[in-house]
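Have a look at the structure below before the remarks.
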Amino acid sequence: MTEQQRIAVVTAGLSEDASTTRLARAVARAANDVVVRGGHSAPEVRLVTLRDIAHGITDAALTGMAPAAVQDALDAVLTADALIAATPTYKASYSGLFKAFFDLFDEGALENLPTVVAATGGTPRHSLVLDTALLPLMSHLKALALPIGVYAATEDWADASLQARIERAGAALAGMLGAGAGAGATAKGRGVAAASAARRPVREVRDEFATVPDFADLLASVQR
Amino acid sequence: MQLGVFTIGDVTQDPTTGRTPTENERIRATVAIARKAEELGMDVFATGQHHNPPFVAPANPPVLMAAVAAQTERIQLSTATTLITTTDPVRIAEDYAYVQHLADGRVDLTMGRGNTGPVYPWFGKDIRQGIPLAVENYQLLHRLWREEDVNFSGRFRTPLQGFTATPRPLDGVPPFVWHGSIRSPEIPEQAAFYGDGFFHNNIFWNTEHTGRMVDFYRQRYEYYGHGSADQAIVGLGGQVFMAKNSQDAVRRFRPYFDNAPVYGHGPSLEEFTAQTPLTVGSPQQVIERTLSFREYAGDHQRQLFLVDHAGLPIKTVLEQMDMLGEEVFPVLRREFDAARPAHVPDAPTHTSLVARHRAGQDPVPGGGPDSRAAKDRVAKARVTATQDATA
């Protein structure tokens with residue numbers, strides 16, 4: 001790899017030391033470890049804490065104009081090579097703040113962005129929130145969301161199996177970065193992930209001014 | 001440099017008194033604003049077009065333009081904007097040509113698509129077709145003003161056979177057209193293709209994005225061979241509220257800002273002022289901020305201000321206009337004119353358009369034979385011909 005890769009970590013955790021943010025960072029660390037063990041340079045991790053820009057997210061929704069801090073957050077995701085998206089479970093779904101942030105992206109803006117979803121909750125009975133809420137949202141955004149996500153209920157934080165699940169998700173994401181091969185043996189699905197990285201569609205950050213159709217073509221499209 | 005005001009005709013409650021003007025009061029106030037603009041020597045008065053509450057901007061702007069034309073002598077009448085998507089281009093051709101005659105040529109118009117979804121189906125249209133509607137309708141309008149026997153068949157309106165729009169434009173020269181868009185690059189592309197003007201509302205978006213839209217238009221204007229990029233015809237909106245000292249301006253405007261349509265109950269006045277061209281302060285601050293538009297939009301030809309929205313009472317609006325007309329515009333006019341290089345043209349007027357027409361220098365849509373666009377077309381045709389020959 002010639003260029004340092006970037007992982008955007010979006011967390012909708014609300015408290016100062018939110019478990020959602022802890023979970024998201026842990027997945028990022030796990031991905032980082034696999035990349036580094038594979039002999040690659042450590043990816044740059046950009047943490048986007050939605051709580052800090054909650055007012056701005058509302059303003060952007062109301063005016064269609066993102067304040068600078070919100071634009072920075074959007075850009076962190078748009079320019080990332082991989083995304084970790086984490087939310088607390090509220091009322092059996094992602095939080096409103098989490099959804100409000102992802103509502104700000106243009107159609108197709110996350111196309112082909114390798115993504116791991118993560119959620120926290122007060123009870124393990126919400127663990128399907130990954131499959132019922134987060135993955136459908138990510139598929140709508142056309143992100144390349146991995147089927148392996150991480151859900152952590154309150155009691156999971158006292159259970160060593162959570163770390164194993166975090167490492168598995170992190171390794172899968174690292175695999176999507178093309179860094180899985182040669183890594184440690186913690187990730188069982190690594191071979192599959194590495195293979196898919198080779199086939200992964202190239203992700204383009206679009207410049208809307210570069211893709212404006214020539215006006216003659218626009219005219220031709222309406223003439224008959 | 002043309003300096004003036006534009007209105008969107010919103011009927012909004014005054015948040016400081018709780019009073020909402022009647023539609024009649026608002027309509028009368030709009031005419032008073034136009035007359036005031038003329039009295040103060042402003043160059044342009046522009047009206048919006050609306051079909052839904054809380055607006056009483058005319059559904060057909062030439063109705064208002066005709067009334068103002070009858071009560072004024074010098075001021076240029078324009079729109080902000082004419083809905084090219086949901087208005088039949090035949091009616092635009094006819095009504096604006098008629099008012100152009102009534103106003104002795106003091107008429108131009110700004111095309112806009114309209115971003116209110118529900119309006120479209122009332123006219124049998126679909127907002128998702130906004131760009132194709134703007135493209136087809138304007139192409140037809142452009143022909144109706146320039147050709148006498150028009151045969152037309154398109155996607156969006158009933159066909160025409162040997163149709164002649166009447167009256168013919170004054171002196172055979174159609175009103176100048178600006179194309180307005182906040183964020184769709186297809187529209188500056190369209191404006192550049194025809195050699196028309198590009199207007200950016202400049203109120204609801206970050207200045208850096210506005211700058212990119214204007215720059216894109218300028219590049220494409222040059223590509224289509226209508227002049228160099230810095231000769232393209234650019235108009236900008238703006239929004240100001242003034243008092244002798246800036247603290248008073250902020251204090252008096254804040255309740256209107258906080259409750260305004262579109263951005264009210266959202267960002268703070270301070271945030272919005274930092275992000276957009278909104279200027280709330282002394283006349284000197286307004287002058288400095290407005291002159292700084294050159295930094296991201298180049299030398300533009302038209303600068304209009306929104307002064308009458310968000311429930312501001314007409315008395316306040318007229319006071320704001322006094323400050324604009326007496327303290328701000330003379331300085332802006334002098335400074336903009338001094339800064340603009342000689343080869344950058346003024347905004348077109350009927351007189352200049354007639355002269356251009358008689359000199360045989362009307363812009364060729366898509367670019368004349370010497371344009372880069374034409375050369376690209378020739379090269380493309382050559383490649384296609386070669387491919388056909390070898391196939």
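Identifiers for the structure tokens are assigned positionally: chains receive A, B, ... in sequence, residues are indexed from 1 per chain, and ligands are indexed from 1 in the order shown.
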Neighbours of range 215-231 of chain B within 10 Å (only C-alpha atoms; same-chain residues fewer than 4 positions away dropped), as a ChimeraX atom specification?
/A:209-210,214 /B:185-199,209-211,296-301,340-341,343-346,361-374,376
Using only C-alpha atoms, I'd like every residue of chain A that has an atom within 6 Å of chain B; please write them out as a list in words.
Asp59, Thr63, Met65, Gln223 and Arg224 of chain A
Write to file, as a PDB file, in the first residue's frame, the residues of the selection just made, with all heavy atoms.
```
ATOM      1  N   ASP A  59     -29.445  22.030  12.160  1.00  0.00           N
ATOM      2  CA  ASP A  59     -29.403  23.214  11.297  1.00  0.00           C
ATOM      3  C   ASP A  59     -29.239  22.804   9.833  1.00  0.00           C
ATOM      4  O   ASP A  59     -29.875  23.376   8.948  1.00  0.00           O
ATOM      5  CB  ASP A  59     -28.244  24.131  11.704  1.00  0.00           C
ATOM      6  CG  ASP A  59     -28.495  24.789  13.053  1.00  0.00           C
ATOM      7  OD1 ASP A  59     -29.640  24.754  13.521  1.00  0.00           O
ATOM      8  OD2 ASP A  59     -27.532  25.331  13.635  1.00  0.00           O
ATOM      9  N   THR A  63     -31.795  23.865   6.908  1.00  0.00           N
ATOM     10  CA  THR A  63     -31.404  24.854   5.896  1.00  0.00           C
ATOM     11  C   THR A  63     -30.776  24.230   4.653  1.00  0.00           C
ATOM     12  O   THR A  63     -30.584  24.917   3.658  1.00  0.00           O
ATOM     13  CB  THR A  63     -30.367  25.839   6.473  1.00  0.00           C
ATOM     14  OG1 THR A  63     -29.179  25.116   6.784  1.00  0.00           O
ATOM     15  CG2 THR A  63     -30.883  26.515   7.729  1.00  0.00           C
ATOM     16  N   MET A  65     -27.799  23.449   4.501  1.00  0.00           N
ATOM     17  CA  MET A  65     -26.458  24.022   4.465  1.00  0.00           C
ATOM     18  C   MET A  65     -25.711  23.534   5.693  1.00  0.00           C
ATOM     19  O   MET A  65     -26.118  23.814   6.814  1.00  0.00           O
ATOM     20  CB  MET A  65     -26.608  25.539   4.485  1.00  0.00           C
ATOM     21  CG  MET A  65     -25.406  26.331   4.222  1.00  0.00           C
ATOM     22  SD  MET A  65     -25.895  28.057   3.956  1.00  0.00           S
ATOM     23  CE  MET A  65     -26.771  28.430   5.476  1.00  0.00           C
ATOM     24  N   GLN A 223     -35.587  15.934 -26.390  1.00  0.00           N
ATOM     25  CA  GLN A 223     -36.153  16.117 -27.728  1.00  0.00           C
ATOM     26  C   GLN A 223     -36.633  14.800 -28.310  1.00  0.00           C
ATOM     27  O   GLN A 223     -36.084  13.749 -28.029  1.00  0.00           O
ATOM     28  CB  GLN A 223     -35.122  16.773 -28.658  1.00  0.00           C
ATOM     29  CG  GLN A 223     -35.174  18.283 -28.522  1.00  0.00           C
ATOM     30  CD  GLN A 223     -33.979  18.979 -29.125  1.00  0.00           C
ATOM     31  OE1 GLN A 223     -33.018  18.330 -29.530  1.00  0.00           O
ATOM     32  NE2 GLN A 223     -34.045  20.280 -29.181  1.00  0.00           N
ATOM     33  N   ARG A 224     -37.688  14.918 -29.089  1.00  0.00           N
ATOM     34  CA  ARG A 224     -38.176  13.710 -29.741  1.00  0.00           C
ATOM     35  C   ARG A 224     -38.817  14.056 -31.078  1.00  0.00           C
ATOM     36  O   ARG A 224     -39.034  15.220 -31.369  1.00  0.00           O
ATOM     37  CB  ARG A 224     -39.163  12.958 -28.854  1.00  0.00           C
ATOM     38  CG  ARG A 224     -40.437  13.732 -28.550  1.00  0.00           C
ATOM     39  CD  ARG A 224     -41.403  12.848 -27.772  1.00  0.00           C
ATOM     40  NE  ARG A 224     -42.727  13.467 -27.754  1.00  0.00           N
ATOM     41  CZ  ARG A 224     -43.699  13.089 -26.936  1.00  0.00           C
ATOM     42  NH1 ARG A 224     -43.509  12.121 -26.083  1.00  0.00           N
ATOM     43  NH2 ARG A 224     -44.873  13.672 -26.985  1.00  0.00           N
TER      44      ARG A 224
END
```
Distance criterion (only C-alpha atoms): nearest to Leu83 in chain A out of A:Ala24, A:Leu50, A:Ile57, A:Ala66:
A:Ala24
Compile the contact shell of Arg165 in chain A as number ranges by chain: residues with an atom at most 9 Å away, counting only C-alpha atoms, same-chain residues fewer than 3 positions apart removed.
A: 148-151, 161-162, 168-170
Tell me which protein, DNA and RNA residues are within 8 Å of range 161-177 of chain B, counting only C-alpha atoms, leaving out same-chain ones fewer than 5 positions away, and put them as a VMD selection string.
chain B and resid 90 93 to 94 96 to 98 100 to 101 104 to 105 107 to 111 144 to 152 196 to 197 348 to 350 353 to 354 357
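The protein and nucleic acid residues lying at most 8 Å from range 36-40 of chain B are Gly4, Val5, Ala32, Val44, Phe45, Thr72, Glu73, Arg74, Ile75, Leu318, Met321, Asp322, Gly325 and Glu326 of chain B, with only C-alpha atoms considered and sequence neighbours fewer than 4 positions away removed.
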Put those residues in a file: all heavy atoms, as an mmCIF file, in the first residue's frame.
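Produced file result.cif, reproduced below:
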```
data_model
loop_
_atom_site.group_PDB
_atom_site.id
_atom_site.type_symbol
_atom_site.label_atom_id
_atom_site.label_comp_id
_atom_site.auth_asym_id
_atom_site.auth_seq_id
_atom_site.Cartn_x
_atom_site.Cartn_y
_atom_site.Cartn_z
ATOM 1 N N GLY B 4 -30.233 46.653 -6.894
ATOM 2 C CA GLY B 4 -31.674 46.737 -6.661
ATOM 3 C C GLY B 4 -32.144 45.810 -5.572
ATOM 4 O O GLY B 4 -31.363 45.322 -4.746
ATOM 5 N N VAL B 5 -33.456 45.581 -5.571
ATOM 6 C CA VAL B 5 -34.071 44.741 -4.537
ATOM 7 C C VAL B 5 -34.934 43.668 -5.194
ATOM 8 O O VAL B 5 -35.391 43.826 -6.324
ATOM 9 C CB VAL B 5 -34.961 45.570 -3.576
ATOM 10 C CG1 VAL B 5 -34.111 46.492 -2.719
ATOM 11 C CG2 VAL B 5 -36.023 46.340 -4.334
ATOM 12 N N ALA B 32 -45.505 49.560 -3.372
ATOM 13 C CA ALA B 32 -44.835 50.701 -2.733
ATOM 14 C C ALA B 32 -43.322 50.509 -2.726
ATOM 15 O O ALA B 32 -42.558 51.457 -2.928
ATOM 16 C CB ALA B 32 -45.362 50.877 -1.304
ATOM 17 N N VAL B 44 -32.968 48.002 -10.326
ATOM 18 C CA VAL B 44 -33.768 46.810 -10.575
ATOM 19 C C VAL B 44 -34.768 46.559 -9.451
ATOM 20 O O VAL B 44 -34.430 46.706 -8.268
ATOM 21 C CB VAL B 44 -32.865 45.536 -10.686
ATOM 22 C CG1 VAL B 44 -33.703 44.303 -11.031
ATOM 23 C CG2 VAL B 44 -31.765 45.731 -11.715
ATOM 24 N N PHE B 45 -35.991 46.188 -9.833
ATOM 25 C CA PHE B 45 -36.950 45.607 -8.890
ATOM 26 C C PHE B 45 -37.358 44.249 -9.462
ATOM 27 O O PHE B 45 -37.775 44.149 -10.611
ATOM 28 C CB PHE B 45 -38.188 46.501 -8.737
ATOM 29 C CG PHE B 45 -39.316 45.813 -8.017
ATOM 30 C CD1 PHE B 45 -39.327 45.728 -6.635
ATOM 31 C CD2 PHE B 45 -40.352 45.212 -8.729
ATOM 32 C CE1 PHE B 45 -40.361 45.072 -5.970
ATOM 33 C CE2 PHE B 45 -41.386 44.550 -8.071
ATOM 34 C CZ PHE B 45 -41.390 44.483 -6.683
ATOM 35 N N THR B 72 -43.810 53.761 -12.999
ATOM 36 C CA THR B 72 -42.382 54.090 -12.959
ATOM 37 C C THR B 72 -41.913 54.437 -14.366
ATOM 38 O O THR B 72 -42.620 54.207 -15.350
ATOM 39 C CB THR B 72 -41.545 52.893 -12.439
ATOM 40 O OG1 THR B 72 -41.829 51.749 -13.255
ATOM 41 C CG2 THR B 72 -41.863 52.573 -10.995
ATOM 42 N N GLU B 73 -40.683 54.959 -14.433
ATOM 43 C CA GLU B 73 -40.164 55.344 -15.749
ATOM 44 C C GLU B 73 -38.807 54.774 -16.086
ATOM 45 O O GLU B 73 -38.476 54.610 -17.254
ATOM 46 C CB GLU B 73 -40.078 56.882 -15.824
ATOM 47 C CG GLU B 73 -41.449 57.513 -15.979
ATOM 48 C CD GLU B 73 -41.393 59.027 -15.910
ATOM 49 O OE1 GLU B 73 -40.279 59.592 -15.802
ATOM 50 O OE2 GLU B 73 -42.476 59.636 -15.948
ATOM 51 N N ARG B 74 -38.006 54.472 -15.062
ATOM 52 C CA ARG B 74 -36.625 54.101 -15.370
ATOM 53 C C ARG B 74 -36.255 52.694 -14.906
ATOM 54 O O ARG B 74 -35.419 52.037 -15.508
ATOM 55 C CB ARG B 74 -35.656 55.096 -14.708
ATOM 56 C CG ARG B 74 -35.752 56.530 -15.211
ATOM 57 C CD ARG B 74 -34.656 57.371 -14.563
ATOM 58 N NE ARG B 74 -34.279 56.823 -13.257
ATOM 59 C CZ ARG B 74 -34.914 57.064 -12.121
ATOM 60 N NH1 ARG B 74 -35.938 57.878 -12.105
ATOM 61 N NH2 ARG B 74 -34.513 56.517 -10.993
ATOM 62 N N ILE B 75 -36.837 52.257 -13.817
ATOM 63 C CA ILE B 75 -36.318 51.052 -13.174
ATOM 64 C C ILE B 75 -36.556 49.812 -14.038
ATOM 65 O O ILE B 75 -37.578 49.683 -14.699
ATOM 66 C CB ILE B 75 -36.924 50.891 -11.757
ATOM 67 C CG1 ILE B 75 -36.096 49.897 -10.942
ATOM 68 C CG2 ILE B 75 -38.395 50.470 -11.825
ATOM 69 C CD1 ILE B 75 -36.376 49.980 -9.447
ATOM 70 N N LEU B 318 -39.098 50.277 4.133
ATOM 71 C CA LEU B 318 -38.822 51.514 3.398
ATOM 72 C C LEU B 318 -37.630 52.272 4.015
ATOM 73 O O LEU B 318 -36.832 52.871 3.301
ATOM 74 C CB LEU B 318 -40.073 52.401 3.345
ATOM 75 C CG LEU B 318 -41.260 51.773 2.577
ATOM 76 C CD1 LEU B 318 -42.479 52.682 2.619
ATOM 77 C CD2 LEU B 318 -40.897 51.442 1.131
ATOM 78 N N MET B 321 -34.617 50.588 2.789
ATOM 79 C CA MET B 321 -34.364 50.961 1.394
ATOM 80 C C MET B 321 -33.742 52.354 1.304
ATOM 81 O O MET B 321 -32.878 52.594 0.460
ATOM 82 C CB MET B 321 -35.657 50.888 0.588
ATOM 83 C CG MET B 321 -36.117 49.445 0.375
ATOM 84 S SD MET B 321 -37.614 49.340 -0.616
ATOM 85 C CE MET B 321 -36.992 49.808 -2.231
ATOM 86 N N ASP B 322 -34.181 53.261 2.192
ATOM 87 C CA ASP B 322 -33.565 54.598 2.208
ATOM 88 C C ASP B 322 -32.065 54.485 2.452
ATOM 89 O O ASP B 322 -31.259 55.120 1.781
ATOM 90 C CB ASP B 322 -34.197 55.463 3.314
ATOM 91 C CG ASP B 322 -35.525 56.074 2.874
ATOM 92 O OD1 ASP B 322 -35.692 56.285 1.649
ATOM 93 O OD2 ASP B 322 -36.375 56.338 3.741
ATOM 94 N N GLY B 325 -30.388 52.972 -0.609
ATOM 95 C CA GLY B 325 -30.357 53.871 -1.763
ATOM 96 C C GLY B 325 -29.482 55.089 -1.536
ATOM 97 O O GLY B 325 -28.830 55.569 -2.465
ATOM 98 N N GLU B 326 -29.457 55.595 -0.290
ATOM 99 C CA GLU B 326 -28.750 56.849 -0.051
ATOM 100 C C GLU B 326 -27.316 56.642 0.423
ATOM 101 O O GLU B 326 -26.422 57.397 0.062
ATOM 102 C CB GLU B 326 -29.522 57.691 0.981
ATOM 103 C CG GLU B 326 -30.816 58.265 0.402
ATOM 104 C CD GLU B 326 -31.791 58.741 1.469
ATOM 105 O OE1 GLU B 326 -31.406 58.791 2.659
ATOM 106 O OE2 GLU B 326 -32.952 59.040 1.103
#
```
Excluding range 131-137 of chain A and its own-chain neighbours fewer than 5 positions away, which residues fall within 12 Å of it when counting only C-alpha atoms? Please give them as a PyMOL selection string.
chain A and resi 84-96+98-103+105+110+115-120+126+142-151
For the selection you just gave me, I'd like the residues written to a file as an mmCIF file, in the first residue's frame, keeping N, CA and C atoms.
```cif
data_model
loop_
_atom_site.group_PDB
_atom_site.id
_atom_site.type_symbol
_atom_site.label_atom_id
_atom_site.label_comp_id
_atom_site.auth_asym_id
_atom_site.auth_seq_id
_atom_site.Cartn_x
_atom_site.Cartn_y
_atom_site.Cartn_z
ATOM 1 N N ILE A 84 -16.821 2.790 10.367
ATOM 2 C CA ILE A 84 -17.435 2.083 11.494
ATOM 3 C C ILE A 84 -18.555 2.996 11.992
ATOM 4 N N ALA A 85 -19.794 2.503 11.972
ATOM 5 C CA ALA A 85 -20.945 3.326 12.341
ATOM 6 C C ALA A 85 -21.605 2.708 13.565
ATOM 7 N N ALA A 86 -21.622 3.469 14.656
ATOM 8 C CA ALA A 86 -22.100 2.911 15.924
ATOM 9 C C ALA A 86 -23.158 3.793 16.563
ATOM 10 N N THR A 87 -24.171 3.143 17.095
ATOM 11 C CA THR A 87 -25.271 3.888 17.718
ATOM 12 C C THR A 87 -25.783 3.139 18.944
ATOM 13 N N PRO A 88 -26.281 3.877 19.930
ATOM 14 C CA PRO A 88 -27.047 3.192 20.975
ATOM 15 C C PRO A 88 -28.394 2.747 20.404
ATOM 16 N N THR A 89 -28.984 1.729 20.996
ATOM 17 C CA THR A 89 -30.306 1.293 20.575
ATOM 18 C C THR A 89 -31.356 2.067 21.359
ATOM 19 N N TYR A 90 -32.153 2.840 20.627
ATOM 20 C CA TYR A 90 -33.247 3.576 21.257
ATOM 21 C C TYR A 90 -34.551 3.065 20.681
ATOM 22 N N LYS A 91 -35.446 2.640 21.518
ATOM 23 C CA LYS A 91 -36.769 2.219 21.051
ATOM 24 C C LYS A 91 -36.660 1.230 19.893
ATOM 25 N N ALA A 92 -35.776 0.244 20.075
ATOM 26 C CA ALA A 92 -35.625 -0.858 19.115
ATOM 27 C C ALA A 92 -35.006 -0.452 17.787
ATOM 28 N N SER A 93 -34.319 0.719 17.758
ATOM 29 C CA SER A 93 -33.693 1.125 16.498
ATOM 30 C C SER A 93 -32.468 1.991 16.779
ATOM 31 N N TYR A 94 -31.858 2.538 15.723
ATOM 32 C CA TYR A 94 -30.773 3.502 15.929
ATOM 33 C C TYR A 94 -31.360 4.767 16.540
ATOM 34 N N SER A 95 -30.503 5.602 17.111
ATOM 35 C CA SER A 95 -31.008 6.843 17.717
ATOM 36 C C SER A 95 -31.363 7.833 16.611
ATOM 37 N N GLY A 96 -32.213 8.789 16.956
ATOM 38 C CA GLY A 96 -32.600 9.813 15.990
ATOM 39 C C GLY A 96 -31.404 10.611 15.501
ATOM 40 N N PHE A 98 -28.316 9.597 15.169
ATOM 41 C CA PHE A 98 -27.572 8.766 14.216
ATOM 42 C C PHE A 98 -28.218 8.851 12.833
ATOM 43 N N LYS A 99 -29.535 8.689 12.799
ATOM 44 C CA LYS A 99 -30.247 8.725 11.520
ATOM 45 C C LYS A 99 -30.169 10.115 10.894
ATOM 46 N N ALA A 100 -30.308 11.153 11.754
ATOM 47 C CA ALA A 100 -30.287 12.529 11.239
ATOM 48 C C ALA A 100 -28.952 12.816 10.545
ATOM 49 N N PHE A 101 -27.866 12.259 11.081
ATOM 50 C CA PHE A 101 -26.562 12.476 10.450
ATOM 51 C C PHE A 101 -26.505 11.784 9.088
ATOM 52 N N PHE A 102 -26.911 10.536 9.047
ATOM 53 C CA PHE A 102 -26.827 9.823 7.768
ATOM 54 C C PHE A 102 -27.849 10.350 6.752
ATOM 55 N N ASP A 103 -28.894 11.023 7.233
ATOM 56 C CA ASP A 103 -29.843 11.666 6.310
ATOM 57 C C ASP A 103 -29.190 12.780 5.497
ATOM 58 N N PHE A 105 -26.393 12.768 3.880
ATOM 59 C CA PHE A 105 -25.586 12.373 2.718
ATOM 60 C C PHE A 105 -26.440 12.346 1.449
ATOM 61 N N LEU A 110 -22.216 7.059 -0.281
ATOM 62 C CA LEU A 110 -21.425 6.062 0.446
ATOM 63 C C LEU A 110 -21.214 4.790 -0.376
ATOM 64 N N THR A 115 -18.053 -1.012 5.372
ATOM 65 C CA THR A 115 -18.655 -0.499 6.608
ATOM 66 C C THR A 115 -18.936 -1.622 7.594
ATOM 67 N N VAL A 116 -18.592 -1.378 8.855
ATOM 68 C CA VAL A 116 -19.017 -2.259 9.943
ATOM 69 C C VAL A 116 -20.009 -1.498 10.798
ATOM 70 N N VAL A 117 -21.140 -2.117 11.093
ATOM 71 C CA VAL A 117 -22.111 -1.472 11.967
ATOM 72 C C VAL A 117 -21.967 -2.026 13.384
ATOM 73 N N ALA A 118 -22.236 -1.174 14.348
ATOM 74 C CA ALA A 118 -22.138 -1.578 15.748
ATOM 75 C C ALA A 118 -23.232 -0.871 16.532
ATOM 76 N N ALA A 119 -23.703 -1.557 17.567
ATOM 77 C CA ALA A 119 -24.736 -0.938 18.398
ATOM 78 C C ALA A 119 -24.583 -1.411 19.834
ATOM 79 N N THR A 120 -25.029 -0.537 20.743
ATOM 80 C CA THR A 120 -25.077 -0.925 22.151
ATOM 81 C C THR A 120 -26.532 -0.916 22.589
ATOM 82 N N HIS A 126 -32.132 -6.852 22.198
ATOM 83 C CA HIS A 126 -32.150 -5.912 21.067
ATOM 84 C C HIS A 126 -31.069 -6.226 20.028
ATOM 85 N N LYS A 142 -26.078 2.379 -0.019
ATOM 86 C CA LYS A 142 -25.207 1.641 -0.940
ATOM 87 C C LYS A 142 -23.802 1.428 -0.387
ATOM 88 N N ALA A 143 -23.662 1.561 0.944
ATOM 89 C CA ALA A 143 -22.384 1.240 1.561
ATOM 90 C C ALA A 143 -22.150 -0.263 1.428
ATOM 91 N N LEU A 144 -20.884 -0.653 1.429
ATOM 92 C CA LEU A 144 -20.550 -2.072 1.372
ATOM 93 C C LEU A 144 -20.533 -2.591 2.808
ATOM 94 N N ALA A 145 -21.731 -2.734 3.395
ATOM 95 C CA ALA A 145 -21.824 -3.086 4.807
ATOM 96 C C ALA A 145 -21.533 -4.567 5.002
ATOM 97 N N LEU A 146 -20.631 -4.872 5.924
ATOM 98 C CA LEU A 146 -20.285 -6.268 6.178
ATOM 99 C C LEU A 146 -21.379 -6.932 6.990
ATOM 100 N N PRO A 147 -21.630 -8.201 6.722
ATOM 101 C CA PRO A 147 -22.655 -8.899 7.504
ATOM 102 C C PRO A 147 -22.255 -9.084 8.967
ATOM 103 N N ILE A 148 -20.954 -8.975 9.242
ATOM 104 C CA ILE A 148 -20.493 -9.114 10.623
ATOM 105 C C ILE A 148 -20.502 -7.761 11.298
ATOM 106 N N GLY A 149 -21.412 -7.540 12.237
ATOM 107 C CA GLY A 149 -21.407 -6.329 13.044
ATOM 108 C C GLY A 149 -21.168 -6.711 14.486
ATOM 109 N N VAL A 150 -21.186 -5.719 15.356
ATOM 110 C CA VAL A 150 -21.020 -6.017 16.776
ATOM 111 C C VAL A 150 -22.145 -5.366 17.568
ATOM 112 N N TYR A 151 -22.816 -6.161 18.363
ATOM 113 C CA TYR A 151 -23.804 -5.633 19.290
ATOM 114 C C TYR A 151 -23.323 -5.906 20.704
#
```
Using DSSP on the backbone coordinates, identify the residues of range 86-145 of chain A assigned to strand (DSSP E or B); present them as a VMD selection string.
chain A and resid 86 to 88 90 93 114 to 121 144 to 145
Requested write-out: N, CA and C atoms of the selected residues, as a PDB file, in the first residue's frame:
```pdb
ATOM      1  N   ALA A  86     -21.622   3.469  14.656  1.00  0.00           N
ATOM      2  CA  ALA A  86     -22.100   2.911  15.924  1.00  0.00           C
ATOM      3  C   ALA A  86     -23.158   3.793  16.563  1.00  0.00           C
ATOM      4  N   THR A  87     -24.171   3.143  17.095  1.00  0.00           N
ATOM      5  CA  THR A  87     -25.271   3.888  17.718  1.00  0.00           C
ATOM      6  C   THR A  87     -25.783   3.139  18.944  1.00  0.00           C
ATOM      7  N   PRO A  88     -26.281   3.877  19.930  1.00  0.00           N
ATOM      8  CA  PRO A  88     -27.047   3.192  20.975  1.00  0.00           C
ATOM      9  C   PRO A  88     -28.394   2.747  20.404  1.00  0.00           C
ATOM     10  N   TYR A  90     -32.153   2.840  20.627  1.00  0.00           N
ATOM     11  CA  TYR A  90     -33.247   3.576  21.257  1.00  0.00           C
ATOM     12  C   TYR A  90     -34.551   3.065  20.681  1.00  0.00           C
ATOM     13  N   SER A  93     -34.319   0.719  17.758  1.00  0.00           N
ATOM     14  CA  SER A  93     -33.693   1.125  16.498  1.00  0.00           C
ATOM     15  C   SER A  93     -32.468   1.991  16.779  1.00  0.00           C
ATOM     16  N   PRO A 114     -16.636   0.301   2.477  1.00  0.00           N
ATOM     17  CA  PRO A 114     -16.668  -0.830   3.412  1.00  0.00           C
ATOM     18  C   PRO A 114     -17.074  -0.351   4.804  1.00  0.00           C
ATOM     19  N   THR A 115     -18.053  -1.012   5.372  1.00  0.00           N
ATOM     20  CA  THR A 115     -18.655  -0.499   6.608  1.00  0.00           C
ATOM     21  C   THR A 115     -18.936  -1.622   7.594  1.00  0.00           C
ATOM     22  N   VAL A 116     -18.592  -1.378   8.855  1.00  0.00           N
ATOM     23  CA  VAL A 116     -19.017  -2.259   9.943  1.00  0.00           C
ATOM     24  C   VAL A 116     -20.009  -1.498  10.798  1.00  0.00           C
ATOM     25  N   VAL A 117     -21.140  -2.117  11.093  1.00  0.00           N
ATOM     26  CA  VAL A 117     -22.111  -1.472  11.967  1.00  0.00           C
ATOM     27  C   VAL A 117     -21.967  -2.026  13.384  1.00  0.00           C
ATOM     28  N   ALA A 118     -22.236  -1.174  14.348  1.00  0.00           N
ATOM     29  CA  ALA A 118     -22.138  -1.578  15.748  1.00  0.00           C
ATOM     30  C   ALA A 118     -23.232  -0.871  16.532  1.00  0.00           C
ATOM     31  N   ALA A 119     -23.703  -1.557  17.567  1.00  0.00           N
ATOM     32  CA  ALA A 119     -24.736  -0.938  18.398  1.00  0.00           C
ATOM     33  C   ALA A 119     -24.583  -1.411  19.834  1.00  0.00           C
ATOM     34  N   THR A 120     -25.029  -0.537  20.743  1.00  0.00           N
ATOM     35  CA  THR A 120     -25.077  -0.925  22.151  1.00  0.00           C
ATOM     36  C   THR A 120     -26.532  -0.916  22.589  1.00  0.00           C
ATOM     37  N   GLY A 121     -26.798  -1.579  23.702  1.00  0.00           N
ATOM     38  CA  GLY A 121     -28.163  -1.598  24.204  1.00  0.00           C
ATOM     39  C   GLY A 121     -28.185  -2.079  25.634  1.00  0.00           C
ATOM     40  N   LEU A 144     -20.884  -0.653   1.429  1.00  0.00           N
ATOM     41  CA  LEU A 144     -20.550  -2.072   1.372  1.00  0.00           C
ATOM     42  C   LEU A 144     -20.533  -2.591   2.808  1.00  0.00           C
ATOM     43  N   ALA A 145     -21.731  -2.734   3.395  1.00  0.00           N
ATOM     44  CA  ALA A 145     -21.824  -3.086   4.807  1.00  0.00           C
ATOM     45  C   ALA A 145     -21.533  -4.567   5.002  1.00  0.00           C
TER      46      ALA A 145
END
```
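In this model, the gap between CA of Gln76 in chain B and CA of Phe329 in chain B comes to 15.8 Å.
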